[in-house]
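Student: Structure below; questions to follow.
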Amino acid sequence: MRPYTIIFSTETVDGRIASKTGFSKLSCHEDLVLLHKLRAWSDAIMVGANTVLVDNPSLTLRLATGRSPYRVVVDASLRVPPTARVFTTPGRGVLVTLERWGEDRLREYLERGVVVVRAGSEKLDLVKAMQELYKLGVRRLLVEGGGMLNCSLLAEGLVDEVRITIAPYIFGSGTSLATCEAFDGEKNRVELALESYHEVCPGWIHIAYRVLKPRQPIPIQAPS
């Protein structure tokens, strides 16, 4: 069993979620409201280590009402310090990391009340991590990841929807929505079905896709 999982990202026309300098403030106000409504719908928000190290987000609800979701950080190497805002902001922090880390190495996280999910010995086992999140009560997961996390989840068939907002910019280089070696584009690729699209503010277009494959079975349906 695993959570119903949505990737949400705002990107440029040429598919960049951040520029080569790391600039990633691409959303208009209405797009941020849409993101926060999805956060309120979710039981947990997942990000990768790089996102936390670059942006140090709090992942809280500011533009929507609802219960604060789990804040899940995927970090195999324990690069994210226990003092990061995702762990110190009042609420519920979760660290997904390798099984080989002992209690001594994890002590400061645990003392701050961070829930530690161990999945995989030498390489993160995202399938197991999702199963463990399901055991924590996570039925609906929102991923606000970088290119590597997004691509890794897609490659494992763990994503049910991809929702992107296209900002009216072109960067020419930078970080892509999904970056990994799992696909060749011909025989191995992610295939999507268009669900809806609309203009969220002048020039910004939000598009919702359902993942056709690869996609593992899910226990619940999408939000209305």
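Residue numbering restarts at 1 in every chain; chains get A, B, ... in the order shown in the structure tokens, and ligands count up from 1 in that same order.
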Within 9 Å of Asn56 in chain A, counting only C-alpha atoms, which residues qualify if same-chain residues fewer than 6 places away don't, as number ranges by chain?
Tutor: A: 84-86
Student: Take the residues from that selection and put them in a file with C-alpha atoms, as a PDB file, in the first residue's frame.
Tutor:
```
ATOM      1  CA  ALA A  84      16.362  23.068   9.022  1.00  0.00           C
ATOM      2  CA  ARG A  85      12.980  24.784   9.093  1.00  0.00           C
ATOM      3  CA  VAL A  86      11.169  21.646   7.909  1.00  0.00           C
TER       4      VAL A  86
END
```
Student: Please identify all polymer residues within 12 Å of Arg79 in chain A, counting only C-alpha atoms, omitting same-chain residues fewer than 5 positions from it, and present them as an MDAnalysis selection string.
Tutor: chainID A and resid 48:54 73:74 84 95:97 105:106
Student: Measure the distance from CA of Leu153 in chain A to CA of Pro214 in chain A in Å and round it to one decimal.
Tutor: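 Straight-line distance from CA of Leu153 in chain A to CA of Pro214 in chain A works out to 9.9 Å.
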Student: Mind giving me the straight-line distance from CA of Lys123 in chain A to CA of Glu103 in chain A in Å, one decimal?
Tutor: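 Between these atoms lies a distance of 18.8 Å.
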Student: At a cut-off of 12 Å, using only C-alpha atoms, what residues contact range 199-211 of chain A? Leave out same-chain residues fewer than 3 positions from it and give the result as number ranges by chain.
Tutor: A: 4-13, 26-35, 153-155, 157-169, 189-196, 214-218, 221-222
Student: Rounded to one decimal place, report the CA of Val80 in chain A-CA of Glu156 in chain A distance in Å.
Tutor: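 Separation of CA of Val80 in chain A and CA of Glu156 in chain A: 23.9 Å.
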Student: Which parts of range 7-144 of chain A does DSSP call strand (DSSP E or B) when run on the backbone here, written out as a count of residues only?
Tutor: 32
Student: I'd like the contact shell of Thr175 in chain A - 6 Å cut-off, only C-alpha atoms, skipping same-chain residues fewer than 4 positions apart - returned as an MDAnalysis selection string.
Tutor: chainID A and resid 16:18
